[in-house]
$ cat work-v6.pdb   # PDB, C-alpha atoms and all ligand atoms
MODEL        1
ATOM      1  CA  MET C   1     -23.835  79.275 -63.709
ATOM      2  CA  HIS C   2     -22.384  76.069 -65.097
ATOM      3  CA  CYS C   3     -22.538  73.056 -62.863
ATOM      4  CA  ALA C   4     -21.702  69.389 -63.113
ATOM      5  CA  ASP C   5     -24.228  67.920 -60.701
ATOM      6  CA  ALA C   6     -26.857  68.860 -58.165
ATOM      7  CA  VAL C   7     -24.501  69.394 -55.264
ATOM      8  CA  THR C   8     -21.893  71.546 -57.013
ATOM      9  CA  CYS C   9     -24.683  73.377 -58.850
ATOM     10  CA  THR C  10     -26.376  74.478 -55.647
ATOM     11  CA  PRO C  11     -24.985  77.888 -54.769
ATOM     12  CA  GLY C  12     -22.999  78.823 -51.708
ATOM     13  CA  LEU C  13     -24.266  78.010 -48.266
ATOM     14  CA  VAL C  14     -26.985  75.561 -49.318
ATOM     15  CA  GLY C  15     -24.519  73.537 -51.377
ATOM     16  CA  GLY C  16     -22.140  73.432 -48.463
ATOM     17  CA  ILE C  17     -24.858  72.230 -46.146
ATOM     18  CA  LEU C  18     -25.881  69.507 -48.616
ATOM     19  CA  LEU C  19     -22.295  68.375 -48.977
ATOM     20  CA  VAL C  20     -21.822  68.235 -45.216
ATOM     21  CA  ALA C  21     -25.079  66.281 -44.922
ATOM     22  CA  ALA C  22     -23.930  63.810 -47.585
ATOM     23  CA  LEU C  23     -20.583  63.265 -45.881
ATOM     24  CA  ALA C  24     -22.308  62.880 -42.522
ATOM     25  CA  ALA C  25     -24.538  60.197 -44.038
ATOM     26  CA  VAL C  26     -21.528  58.278 -45.299
ATOM     27  CA  HIS C  27     -19.850  58.650 -41.936
ATOM     28  CA  ALA C  28     -22.990  57.541 -40.102
ATOM     29  CA  ALA C  29     -23.243  54.476 -42.328
ATOM     30  CA  GLU C  30     -19.692  53.488 -41.403
ATOM     31  CA  ASP C  31     -20.394  54.104 -37.768
ATOM     32  CA  SER C  32     -23.675  52.298 -37.580
ATOM     33  CA  TRP C  33     -23.005  49.176 -39.607
ATOM     34  CA  MET C  34     -20.995  46.406 -38.108
ATOM     35  CA  PHE C  35     -20.947  42.681 -38.707
ATOM     36  CA  ASP C  36     -19.807  40.741 -35.632
ATOM     37  CA  ALA C  37     -18.357  37.630 -37.259
ATOM     38  CA  HIS C  38     -17.712  35.760 -34.002
ATOM     39  CA  SER C  39     -19.823  35.611 -30.859
ATOM     40  CA  HIS C  40     -21.496  32.809 -28.954
ATOM     41  CA  SER C  41     -24.729  31.545 -27.542
ATOM     42  CA  ALA C  42     -24.769  29.376 -24.439
ATOM     43  CA  ARG C  43     -27.253  27.798 -22.100
ATOM     44  CA  GLY C  44     -28.722  30.459 -19.837
ATOM     45  CA  LEU C  45     -28.401  33.252 -22.393
ATOM     46  CA  ASP C  46     -31.667  34.938 -23.368
ATOM     47  CA  LEU C  47     -31.058  35.180 -27.091
ATOM     48  CA  GLU C  48     -33.415  38.121 -27.515
ATOM     49  CA  ARG C  49     -30.992  39.960 -25.253
ATOM     50  CA  VAL C  50     -28.322  39.475 -27.923
ATOM     51  CA  ILE C  51     -30.509  41.356 -30.391
ATOM     52  CA  ALA C  52     -31.087  44.138 -27.840
ATOM     53  CA  ARG C  53     -27.340  44.444 -27.228
ATOM     54  CA  MET C  54     -26.709  44.519 -30.994
ATOM     55  CA  ASP C  55     -29.283  47.297 -31.360
ATOM     56  CA  ALA C  56     -27.639  49.295 -28.578
ATOM     57  CA  ALA C  57     -24.186  48.802 -30.102
ATOM     58  CA  GLY C  58     -25.181  49.422 -33.729
ATOM     59  CA  VAL C  59     -24.307  45.912 -34.849
ATOM     60  CA  GLY C  60     -26.329  44.891 -37.879
ATOM     61  CA  LYS C  61     -25.442  41.227 -38.111
ATOM     62  CA  ILE C  62     -23.910  38.554 -35.908
ATOM     63  CA  VAL C  63     -22.547  35.034 -36.341
ATOM     64  CA  LEU C  64     -23.557  32.988 -33.292
ATOM     65  CA  PHE C  65     -21.660  29.824 -32.374
ATOM     66  CA  ALA C  66     -23.426  27.664 -29.807
ATOM     67  CA  ARG C  67     -21.275  26.558 -26.869
ATOM     68  CA  ARG C  68     -21.755  25.274 -23.326
ATOM     69  CA  GLN C  69     -24.986  23.364 -24.021
ATOM     70  CA  GLY C  70     -26.339  26.113 -26.220
ATOM     71  CA  THR C  71     -27.846  24.497 -29.320
ATOM     72  CA  ASP C  72     -27.776  25.118 -33.047
ATOM     73  CA  GLU C  73     -31.573  24.851 -33.003
ATOM     74  CA  GLU C  74     -31.835  27.826 -30.625
ATOM     75  CA  VAL C  75     -29.655  29.863 -32.972
ATOM     76  CA  LEU C  76     -31.855  28.805 -35.897
ATOM     77  CA  GLY C  77     -34.890  29.893 -33.885
ATOM     78  CA  LEU C  78     -33.376  33.348 -33.339
ATOM     79  CA  HIS C  79     -32.496  33.538 -37.026
ATOM     80  CA  ALA C  80     -36.127  32.715 -37.912
ATOM     81  CA  LYS C  81     -37.257  35.710 -35.859
ATOM     82  CA  HIS C  82     -34.467  38.017 -37.077
ATOM     83  CA  PRO C  83     -33.405  36.632 -40.441
ATOM     84  CA  GLY C  84     -31.418  39.691 -41.493
ATOM     85  CA  ARG C  85     -29.563  39.938 -38.198
ATOM     86  CA  VAL C  86     -28.459  36.449 -37.206
ATOM     87  CA  VAL C  87     -26.214  34.154 -39.258
ATOM     88  CA  PRO C  88     -26.925  30.591 -38.095
ATOM     89  CA  ALA C  89     -23.773  28.584 -37.498
ATOM     90  CA  VAL C  90     -23.108  24.925 -36.880
ATOM     91  CA  GLY C  91     -21.505  24.928 -33.419
ATOM     92  CA  PHE C  92     -18.354  22.940 -32.640
ATOM     93  CA  GLN C  93     -17.892  23.581 -28.913
ATOM     94  CA  ASN C  94     -19.557  20.358 -27.889
ATOM     95  CA  PRO C  95     -18.457  16.804 -27.059
ATOM     96  CA  GLY C  96     -18.944  15.751 -30.690
ATOM     97  CA  TRP C  97     -15.988  17.790 -31.911
ATOM     98  CA  LEU C  98     -13.994  17.938 -28.675
ATOM     99  CA  GLN C  99     -13.988  14.142 -28.412
ATOM    100  CA  GLN C 100     -13.348  13.790 -32.154
ATOM    101  CA  SER C 101     -16.485  11.864 -33.028
ATOM    102  CA  ALA C 102     -16.757  10.859 -36.689
ATOM    103  CA  ARG C 103     -20.525  10.767 -36.296
ATOM    104  CA  PHE C 104     -20.518  14.433 -35.290
ATOM    105  CA  VAL C 105     -18.864  15.380 -38.590
ATOM    106  CA  ASP C 106     -21.561  13.401 -40.430
ATOM    107  CA  GLU C 107     -24.145  15.447 -38.531
ATOM    108  CA  VAL C 108     -22.357  18.652 -39.542
ATOM    109  CA  GLU C 109     -22.638  17.620 -43.164
ATOM    110  CA  GLY C 110     -26.333  16.867 -42.706
ATOM    111  CA  LYS C 111     -26.836  20.353 -41.302
ATOM    112  CA  LEU C 112     -24.988  21.996 -44.193
ATOM    113  CA  ALA C 113     -26.984  19.905 -46.681
ATOM    114  CA  SER C 114     -30.204  21.132 -45.055
ATOM    115  CA  GLY C 115     -29.343  24.591 -46.399
ATOM    116  CA  ARG C 116     -30.175  26.187 -43.056
ATOM    117  CA  PHE C 117     -26.663  26.942 -41.808
ATOM    118  CA  ARG C 118     -24.268  29.504 -43.233
ATOM    119  CA  TRP C 119     -21.170  29.346 -41.012
ATOM    120  CA  MET C 120     -19.283  26.801 -38.877
ATOM    121  CA  GLY C 121     -17.334  27.276 -35.660
ATOM    122  CA  GLU C 122     -15.766  27.857 -33.363
ATOM    123  CA  LEU C 123     -13.700  24.779 -34.079
ATOM    124  CA  LEU C 124     -11.046  24.398 -31.389
ATOM    125  CA  LEU C 125      -7.608  22.950 -32.077
ATOM    126  CA  ARG C 126      -4.943  24.340 -29.730
ATOM    127  CA  HIS C 127      -6.804  26.280 -27.054
ATOM    128  CA  TYR C 128      -5.382  27.520 -23.768
ATOM    129  CA  GLY C 129      -7.542  27.081 -20.700
ATOM    130  CA  VAL C 130      -9.434  30.199 -19.629
ATOM    131  CA  PRO C 131     -10.066  29.863 -15.879
ATOM    132  CA  GLU C 132     -12.447  32.828 -15.659
ATOM    133  CA  LEU C 133     -14.685  31.135 -18.244
ATOM    134  CA  ARG C 134     -14.147  27.647 -16.803
ATOM    135  CA  ALA C 135     -12.887  26.694 -20.258
ATOM    136  CA  PRO C 136     -10.312  23.885 -20.234
ATOM    137  CA  ASP C 137      -7.196  23.388 -22.283
ATOM    138  CA  TYR C 138      -7.632  21.616 -25.624
ATOM    139  CA  ASP C 139      -4.961  20.312 -27.911
ATOM    140  CA  ILE C 140      -6.536  18.722 -30.954
ATOM    141  CA  PRO C 141      -3.787  18.318 -33.527
ATOM    142  CA  PRO C 142      -4.254  20.077 -36.873
ATOM    143  CA  ASP C 143      -3.535  16.804 -38.668
ATOM    144  CA  SER C 144      -6.759  15.370 -37.203
ATOM    145  CA  GLU C 145      -8.466  13.386 -39.942
ATOM    146  CA  LEU C 146     -11.748  14.988 -38.940
ATOM    147  CA  LEU C 147     -10.349  18.483 -39.485
ATOM    148  CA  GLY C 148      -9.572  17.465 -43.070
ATOM    149  CA  LYS C 149     -13.186  16.396 -43.510
ATOM    150  CA  VAL C 150     -14.551  19.640 -42.077
ATOM    151  CA  LEU C 151     -12.247  21.721 -44.295
ATOM    152  CA  ALA C 152     -13.526  19.759 -47.289
ATOM    153  CA  LEU C 153     -17.115  20.509 -46.221
ATOM    154  CA  SER C 154     -16.299  24.222 -46.023
ATOM    155  CA  ALA C 155     -14.982  24.103 -49.580
ATOM    156  CA  ARG C 156     -17.842  21.991 -50.941
ATOM    157  CA  TYR C 157     -20.662  24.043 -49.420
ATOM    158  CA  GLY C 158     -18.959  27.442 -49.548
ATOM    159  CA  VAL C 159     -19.516  27.872 -45.815
ATOM    160  CA  PRO C 160     -16.891  29.719 -43.744
ATOM    161  CA  LEU C 161     -15.261  27.848 -40.867
ATOM    162  CA  THR C 162     -13.947  29.787 -37.866
ATOM    163  CA  ILE C 163     -11.014  27.991 -36.236
ATOM    164  CA  HIS C 164      -9.406  28.718 -32.878
ATOM    165  CA  HIS C 165      -5.802  27.589 -33.072
ATOM    166  CA  GLU C 166      -3.035  29.250 -31.084
ATOM    167  CA  ALA C 167      -0.098  29.786 -33.381
ATOM    168  CA  GLU C 168       2.844  28.051 -31.742
ATOM    169  CA  PRO C 169       6.110  26.723 -33.118
ATOM    170  CA  GLY C 170       5.502  23.221 -34.439
ATOM    171  CA  ASP C 171       1.709  23.350 -34.385
ATOM    172  CA  ILE C 172       1.705  26.234 -36.811
ATOM    173  CA  GLU C 173       3.434  24.060 -39.417
ATOM    174  CA  ALA C 174       0.911  21.267 -38.884
ATOM    175  CA  PHE C 175      -1.815  23.857 -39.404
ATOM    176  CA  ARG C 176      -0.159  24.945 -42.633
ATOM    177  CA  ARG C 177      -0.147  21.352 -43.900
ATOM    178  CA  ALA C 178      -3.847  21.004 -43.053
ATOM    179  CA  LEU C 179      -4.723  24.192 -44.951
ATOM    180  CA  ARG C 180      -2.699  23.016 -47.936
ATOM    181  CA  GLN C 181      -4.947  19.948 -48.141
ATOM    182  CA  ALA C 182      -7.995  22.165 -48.718
ATOM    183  CA  PRO C 183      -7.015  25.441 -50.357
ATOM    184  CA  GLN C 184     -10.652  26.123 -51.300
ATOM    185  CA  ALA C 185     -11.855  25.953 -47.692
ATOM    186  CA  LEU C 186     -13.043  29.306 -46.317
ATOM    187  CA  VAL C 187     -11.106  29.458 -43.079
ATOM    188  CA  VAL C 188     -11.398  32.307 -40.596
ATOM    189  CA  TRP C 189      -8.490  32.041 -38.179
ATOM    190  CA  ALA C 190      -9.958  33.466 -34.996
ATOM    191  CA  HIS C 191      -8.220  36.034 -32.803
ATOM    192  CA  TRP C 192      -6.093  37.935 -35.372
ATOM    193  CA  CYS C 193      -4.683  34.786 -36.923
ATOM    194  CA  GLY C 194      -4.415  32.742 -33.736
ATOM    195  CA  ARG C 195      -2.466  35.516 -31.994
ATOM    196  CA  ALA C 196       0.419  34.643 -34.282
ATOM    197  CA  THR C 197       3.332  36.992 -34.659
ATOM    198  CA  PRO C 198       2.505  39.466 -37.418
ATOM    199  CA  GLU C 199       5.339  37.863 -39.424
ATOM    200  CA  ASP C 200       3.785  34.390 -39.238
ATOM    201  CA  ALA C 201       0.350  35.800 -39.998
ATOM    202  CA  ARG C 202       1.782  37.523 -43.069
ATOM    203  CA  ARG C 203       3.278  34.281 -44.356
ATOM    204  CA  PHE C 204      -0.016  32.442 -43.952
ATOM    205  CA  LEU C 205      -2.119  35.156 -45.574
ATOM    206  CA  GLY C 206       0.378  35.290 -48.424
ATOM    207  CA  GLU C 207       0.208  31.539 -48.980
ATOM    208  CA  PHE C 208      -3.548  30.978 -48.585
ATOM    209  CA  ALA C 209      -5.829  33.211 -50.633
ATOM    210  CA  ASN C 210      -8.951  31.969 -48.818
ATOM    211  CA  LEU C 211      -7.604  32.479 -45.313
ATOM    212  CA  HIS C 212      -9.130  35.256 -43.216
ATOM    213  CA  CYS C 213      -8.531  36.396 -39.645
ATOM    214  CA  ASP C 214     -11.017  37.822 -37.183
ATOM    215  CA  LEU C 215     -10.397  40.420 -34.481
ATOM    216  CA  GLY C 216     -12.374  38.635 -31.751
ATOM    217  CA  ALA C 217     -11.402  39.318 -28.115
ATOM    218  CA  SER C 218      -8.725  41.879 -29.030
ATOM    219  CA  HIS C 219     -10.114  44.545 -26.678
ATOM    220  CA  PRO C 220      -7.375  45.658 -24.231
ATOM    221  CA  GLY C 221      -9.855  45.263 -21.380
ATOM    222  CA  ARG C 222      -9.747  41.498 -21.896
ATOM    223  CA  ARG C 223      -6.832  39.505 -20.558
ATOM    224  CA  TYR C 224      -6.931  37.341 -23.667
ATOM    225  CA  GLY C 225      -6.355  40.360 -25.894
ATOM    226  CA  ARG C 226      -3.249  41.443 -23.996
ATOM    227  CA  GLU C 227      -1.738  38.023 -23.444
ATOM    228  CA  LYS C 228       0.038  37.304 -26.725
ATOM    229  CA  ASN C 229       1.009  39.447 -29.723
ATOM    230  CA  PRO C 230      -1.710  42.019 -28.914
ATOM    231  CA  LEU C 231      -3.492  43.740 -31.763
ATOM    232  CA  VAL C 232      -3.728  46.992 -29.820
ATOM    233  CA  ASP C 233      -1.941  48.518 -26.847
ATOM    234  CA  GLU C 234      -3.531  49.601 -23.574
ATOM    235  CA  ALA C 235      -4.622  52.873 -25.200
ATOM    236  CA  GLU C 236      -6.316  50.933 -28.057
ATOM    237  CA  ARG C 237      -3.652  52.002 -30.526
ATOM    238  CA  LEU C 238      -3.399  49.500 -33.360
ATOM    239  CA  GLN C 239       0.116  48.070 -33.208
ATOM    240  CA  PRO C 240       2.193  49.199 -36.228
ATOM    241  CA  ALA C 241       3.012  45.695 -37.457
ATOM    242  CA  TRP C 242      -0.657  44.644 -37.341
ATOM    243  CA  ARG C 243      -1.742  47.860 -39.001
ATOM    244  CA  ALA C 244       0.748  47.236 -41.800
ATOM    245  CA  LEU C 245      -0.553  43.686 -42.196
ATOM    246  CA  ILE C 246      -4.188  44.789 -42.372
ATOM    247  CA  MET C 247      -3.192  47.380 -44.962
ATOM    248  CA  ALA C 248      -1.391  44.699 -46.968
ATOM    249  CA  PHE C 249      -4.429  42.345 -46.786
ATOM    250  CA  PRO C 250      -7.450  44.635 -46.301
ATOM    251  CA  ASP C 251      -9.884  42.020 -47.644
ATOM    252  CA  ARG C 252      -8.916  39.355 -45.106
ATOM    253  CA  PHE C 253      -9.718  40.753 -41.674
ATOM    254  CA  LEU C 254     -13.165  40.601 -40.077
ATOM    255  CA  ALA C 255     -14.610  42.641 -37.227
ATOM    256  CA  ALA C 256     -15.562  40.373 -34.335
ATOM    257  CA  VAL C 257     -16.422  40.819 -30.689
ATOM    258  CA  ASP C 258     -16.296  37.269 -29.296
ATOM    259  CA  ALA C 259     -18.874  37.567 -26.539
ATOM    260  CA  VAL C 260     -18.346  34.130 -25.030
ATOM    261  CA  ASP C 261     -20.698  33.712 -22.111
ATOM    262  CA  PRO C 262     -23.947  35.397 -21.052
ATOM    263  CA  ALA C 263     -22.201  37.920 -18.737
ATOM    264  CA  HIS C 264     -20.110  39.138 -21.667
ATOM    265  CA  TYR C 265     -23.194  40.665 -23.276
ATOM    266  CA  ASP C 266     -23.176  43.241 -20.436
ATOM    267  CA  HIS C 267     -19.966  44.562 -22.011
ATOM    268  CA  TYR C 268     -21.029  44.161 -25.618
ATOM    269  CA  GLU C 269     -21.661  47.827 -26.339
ATOM    270  CA  ALA C 270     -18.337  48.920 -24.783
ATOM    271  CA  TRP C 271     -16.415  46.255 -26.700
ATOM    272  CA  VAL C 272     -18.032  47.253 -29.991
ATOM    273  CA  LYS C 273     -17.184  50.886 -29.309
ATOM    274  CA  GLY C 274     -13.576  49.837 -28.722
ATOM    275  CA  LEU C 275     -13.558  47.878 -31.962
ATOM    276  CA  ARG C 276     -14.877  50.921 -33.836
ATOM    277  CA  ARG C 277     -12.090  53.055 -32.361
ATOM    278  CA  VAL C 278      -9.544  50.503 -33.590
ATOM    279  CA  ILE C 279     -11.067  50.313 -37.069
ATOM    280  CA  ALA C 280     -11.231  54.133 -37.190
ATOM    281  CA  GLN C 281      -7.404  54.155 -37.140
ATOM    282  CA  LEU C 282      -7.462  52.707 -40.664
ATOM    283  CA  PRO C 283      -8.049  54.702 -43.858
ATOM    284  CA  PRO C 284     -11.733  55.234 -44.738
ATOM    285  CA  GLU C 285     -11.638  52.835 -47.696
ATOM    286  CA  VAL C 286     -10.467  50.010 -45.433
ATOM    287  CA  ARG C 287     -12.834  50.598 -42.516
ATOM    288  CA  GLY C 288     -15.947  49.345 -44.267
ATOM    289  CA  LYS C 289     -14.120  46.220 -45.424
ATOM    290  CA  LEU C 290     -13.306  45.213 -41.862
ATOM    291  CA  ALA C 291     -16.578  46.420 -40.369
ATOM    292  CA  PHE C 292     -18.816  44.374 -42.672
ATOM    293  CA  GLU C 293     -17.850  43.988 -46.334
ATOM    294  CA  ASN C 294     -15.389  41.139 -45.890
ATOM    295  CA  ALA C 295     -17.815  39.077 -43.824
ATOM    296  CA  GLU C 296     -20.617  39.758 -46.306
ATOM    297  CA  ARG C 297     -18.404  38.635 -49.160
ATOM    298  CA  LEU C 298     -17.633  35.399 -47.330
ATOM    299  CA  LEU C 299     -21.361  34.780 -46.810
ATOM    300  CA  GLY C 300     -21.834  35.311 -50.543
ATOM    301  CA  LYS C 301     -19.626  32.279 -51.290
ATOM    302  CA  TRP C 302     -22.418  29.941 -50.184
ATOM    303  CA  LYS C 303     -23.136  27.248 -52.771
ATOM    304  CA  GLY C 304     -26.520  26.263 -51.331
ATOM    305  CA  GLY C 305     -27.529  23.177 -49.432
ATOM    306  CA  SER C 306     -26.976  20.772 -52.354
ATOM    307  CA  PRO C 307     -23.835  21.786 -54.167
ATOM    308  CA  GLY C 308     -23.760  18.754 -56.425
ATOM    309  CA  ALA C 309     -22.388  15.271 -56.165
ATOM    310  CA  LYS C 310     -19.649  14.529 -53.669
TER
HETATM  311 ZN    ZN J   1     -11.755  31.510 -29.581
ENDMDL
END

$ encode --input "work-v6.pdb" --output "C-alpha cells"
Amino acid sequence: MHCADAVTCTPGLVGGILLVAALAAVHAAEDSWMFDAHSHSARGLDLERVIARMDAAGVGKIVLFARRQGTDEEVLGLHAKHPGRVVPAVGFQNPGWLQQSARFVDEVEGKLASGRFRWMGELLLRHYGVPELRAPDYDIPPDSELLGKVLALSARYGVPLTIHHEAEPGDIEAFRRALRQAPQALVVWAHWCGRATPEDARRFLGEFANLHCDLGASHPGRRYGREKNPLVDEAERLQPAWRALIMAFPDRFLAAVDAVDPAHYDHYEAWVKGLRRVIAQLPPEVRGKLAFENAERLLGKWKGGSPGAK
C-alpha cells in the first residue's frame, strides 16, 4: 500500500478514527481558547473569582481594565499570580482621565515606561449613561489634547488602547481627525466600532490600518447590545452587514465580553457561550482570528518599557 503520511497510510477504520480524533482536537482547540480583550475589575470584586469564571467559560486570557475604585495595582497583583492569563492594563475609568488631568497622562506614561502594563483602557469619550450600572453620561471631545497624547503613547510603546466612543454624526468626524493625528496608535474601538453603522465602521477600518473593533457587550441579553446597530439579533444571528464587514476585515475584530461590575461575572459563562455561538457563524479560518489570534497579534506589537528617546 502506498501512502503519503501516517493518517492516510493507516488502513480503514483505524485511519478514520485517527482522522476524526485529529479534527476533534482542532475543533476543541477553537472551542476552548478565547481571549477576552475587554472586561473590568472594580472595588468589591474578588479577582480570583474572575479566574474561576474564566476557567468555567474556557477563556484563556483576559484584559482587565480597573474601574470604580478598582486599581491597576490589584490587576498587576492578579497578573503576578496568573501571568499567562491576565493582561495588565492601565485603567482610565477614574477621575484622572474623566476630569482631563494632565498629570494623570504623565502617570500613564510612567506606568508604560515601567514595562509592567500591556494595554490601556477603557478610555471614555462619548459615553451614554447606564442607569443600571450607575454609570453617568460622559462627553469628552475627541479633539481633547490629552487624547492626542495618549494616542502618541500607544504608538510609542506599542500598547493597544481601548476607546469607548459612541459613533454619532459630528463626533465621528472629530474622532477621525484624532486618529489621523496618530496613525501608528493601536486603537481598539470598543463595542463593534462604537456601535457605528456598519457603513461608517467600514469607512474607518478602510482608512486606518491599525484600527480594531471589539465585540464587548454585544450579547442580545444585554440592553446595551440591542440599543444601537446591534451586532446580532434576538436569536444571536450575526447581522448580515456586520458579518460582511468582519469577513472584509477578519484581522480587525476582537472577541470581548465586557463584564463591567462584580455581578456581571455571574453571567460570564453564559455570555462567553453566546459569543462562541456568534463566532461559530463565521468560516473556520476566521473564528480563531476573532477568538484569540487578533488580540495576541496586538499584544505582540509591544516595544518594551523603554522604546527609545521621545
Ligand atoms: Zn464601554

$ closest_residue --input "work-v6.pdb" --among "C:Ala182, C:Val187, C:Leu76, C:Leu238" --to "Leu298 (chain C)" --atoms "all atoms listed in the file"
C:Val187

$ resolve_selection --input "work-v6.pdb" --expression "the PyMOL selection byres (((not hetatm)) within 8 of (chain J and resi 1))" --output "PyMOL selection string"
chain C and resi 122+124+127+163-165+190-191+216-217+258

$ closest_residue --input "work-v6.pdb" --among "C:Glu199, C:Asp106, C:Asp36, C:Asp143" --to "Leu245 (chain C)" --atoms "only C-alpha atoms"
C:Glu199

$ closest_atom_pairs --input "work-v6.pdb" --of "region 196-269 of chain C" --to "region 42-46 of chain C" --cutoff "9 Å" --atoms "all atoms listed in the file" --output "JSON lines"
{"residue": "C:Val260", "atom": "CA", "partner": "C:Ala42", "partner_atom": "CA", "distance": 8.0}
{"residue": "C:Asp261", "atom": "CA", "partner": "C:Ala42", "partner_atom": "CA", "distance": 6.4}
{"residue": "C:Pro262", "atom": "CA", "partner": "C:Leu45", "partner_atom": "CA", "distance": 5.1}
{"residue": "C:Ala263", "atom": "CA", "partner": "C:Leu45", "partner_atom": "CA", "distance": 8.6}

$ write_last_selection --input "work-v6.pdb" --atoms "C-alpha atoms" --output "compact mmCIF listing (two decimals), in the coordinates of the input"
# COMPACT_ATOMS: atom_id res chain seq x y z
CA VAL C 260 -18.35 34.13 -25.03
CA ASP C 261 -20.70 33.71 -22.11
CA PRO C 262 -23.95 35.40 -21.05
CA ALA C 263 -22.20 37.92 -18.74

$ residues_near_point --input "work-v6.pdb" --point "(-29.5, 37.5, -31.9)" --cutoff "9 Å" --atoms "only C-alpha atoms" --output "PDB file with C-alpha atoms, keeping the file's coordinate frame"
ATOM      1  CA  SER C  41     -24.729  31.545 -27.542  1.00  0.00           C
ATOM      2  CA  LEU C  47     -31.058  35.180 -27.091  1.00  0.00           C
ATOM      3  CA  GLU C  48     -33.415  38.121 -27.515  1.00  0.00           C
ATOM      4  CA  ARG C  49     -30.992  39.960 -25.253  1.00  0.00           C
ATOM      5  CA  VAL C  50     -28.322  39.475 -27.923  1.00  0.00           C
ATOM      6  CA  ILE C  51     -30.509  41.356 -30.391  1.00  0.00           C
ATOM      7  CA  ALA C  52     -31.087  44.138 -27.840  1.00  0.00           C
ATOM      8  CA  ARG C  53     -27.340  44.444 -27.228  1.00  0.00           C
ATOM      9  CA  MET C  54     -26.709  44.519 -30.994  1.00  0.00           C
ATOM     10  CA  LYS C  61     -25.442  41.227 -38.111  1.00  0.00           C
ATOM     11  CA  ILE C  62     -23.910  38.554 -35.908  1.00  0.00           C
ATOM     12  CA  VAL C  63     -22.547  35.034 -36.341  1.00  0.00           C
ATOM     13  CA  LEU C  64     -23.557  32.988 -33.292  1.00  0.00           C
ATOM     14  CA  VAL C  75     -29.655  29.863 -32.972  1.00  0.00           C
ATOM     15  CA  LEU C  78     -33.376  33.348 -33.339  1.00  0.00           C
ATOM     16  CA  HIS C  79     -32.496  33.538 -37.026  1.00  0.00           C
ATOM     17  CA  LYS C  81     -37.257  35.710 -35.859  1.00  0.00           C
ATOM     18  CA  HIS C  82     -34.467  38.017 -37.077  1.00  0.00           C
ATOM     19  CA  ARG C  85     -29.563  39.938 -38.198  1.00  0.00           C
ATOM     20  CA  VAL C  86     -28.459  36.449 -37.206  1.00  0.00           C
ATOM     21  CA  VAL C  87     -26.214  34.154 -39.258  1.00  0.00           C
TER      22      VAL C  87
END

$ resolve_selection --input "work-v6.pdb" --expression "the PyMOL selection byres (((chain C and resi 161) around 7) and not hetatm)" --output "VMD selection string"
chain C and resid 119 to 121 154 159 to 160 162 to 163 186 to 188

$ resolve_selection --input "work-v6.pdb" --expression "the PyMOL selection byres (((chain C and resi 287) around 12) and not hetatm)" --output "PyMOL selection string"
chain C and resi 26-27+29-31+33-35+243+246-247+250-251+253-255+275-286+288-294

$ atom_distance --input "work-v6.pdb" --atom1 "CA of Asp200 (chain C)" --atom2 "CA of Ala167 (chain C)"
8.4 Å

$ atom_distance --input "work-v6.pdb" --atom1 "CA of His40 (chain C)" --atom2 "CA of Ala66 (chain C)"
5.6 Å

$ residues_near_point --input "work-v6.pdb" --point "(-24.2, 19.5, -22.3)" --cutoff "12 Å" --atoms "all atoms listed in the file" --output "PyMOL selection string"
chain C and resi 42-43+66-71+93-96

$ closest_residue --input "work-v6.pdb" --among "C:Gly225, C:Pro230, C:Gly206, C:Gly158" --to "Gly304 (chain C)" --atoms "all atoms listed in the file"
C:Gly158

$ closest_residue --input "work-v6.pdb" --among "C:Gln99, C:Gln239, C:Asn210, C:Ser306" --to "Pro183 (chain C)" --atoms "only C-alpha atoms"
C:Asn210

$ atom_distance --input "work-v6.pdb" --atom1 "CA of Ala57 (chain C)" --atom2 "CA of Arg226 (chain C)"
23.0 Å

$ residues_around --input "work-v6.pdb" --residues "Gly148 (chain C)" --least-positions-apart "5" --cutoff "9 Å" --atoms "all atoms listed in the file" --output "VMD selection string"
chain C and resid 142 to 143 153 178 to 179 181 to 182

$ closest_residue --input "work-v6.pdb" --among "C:Phe208, C:Phe117, C:Tyr224, C:Trp271" --to "Glu166 (chain C)" --atoms "only C-alpha atoms"
C:Tyr224

$ closest_residue --input "work-v6.pdb" --among "C:Ile172, C:Val232, C:Ala244, C:Ala256" --to "Pro198 (chain C)" --atoms "all atoms listed in the file"
C:Ala244

$ axis_aligned_box --input "work-v6.pdb" --around "region 151-157 of chain C" --padding-each-side "8 Å" --output "lines of an AutoDock Vina configuration file"
center_x = -16.5
center_y = 22.0
center_z = -47.6
size_x = 24.4
size_y = 20.5
size_z = 22.6
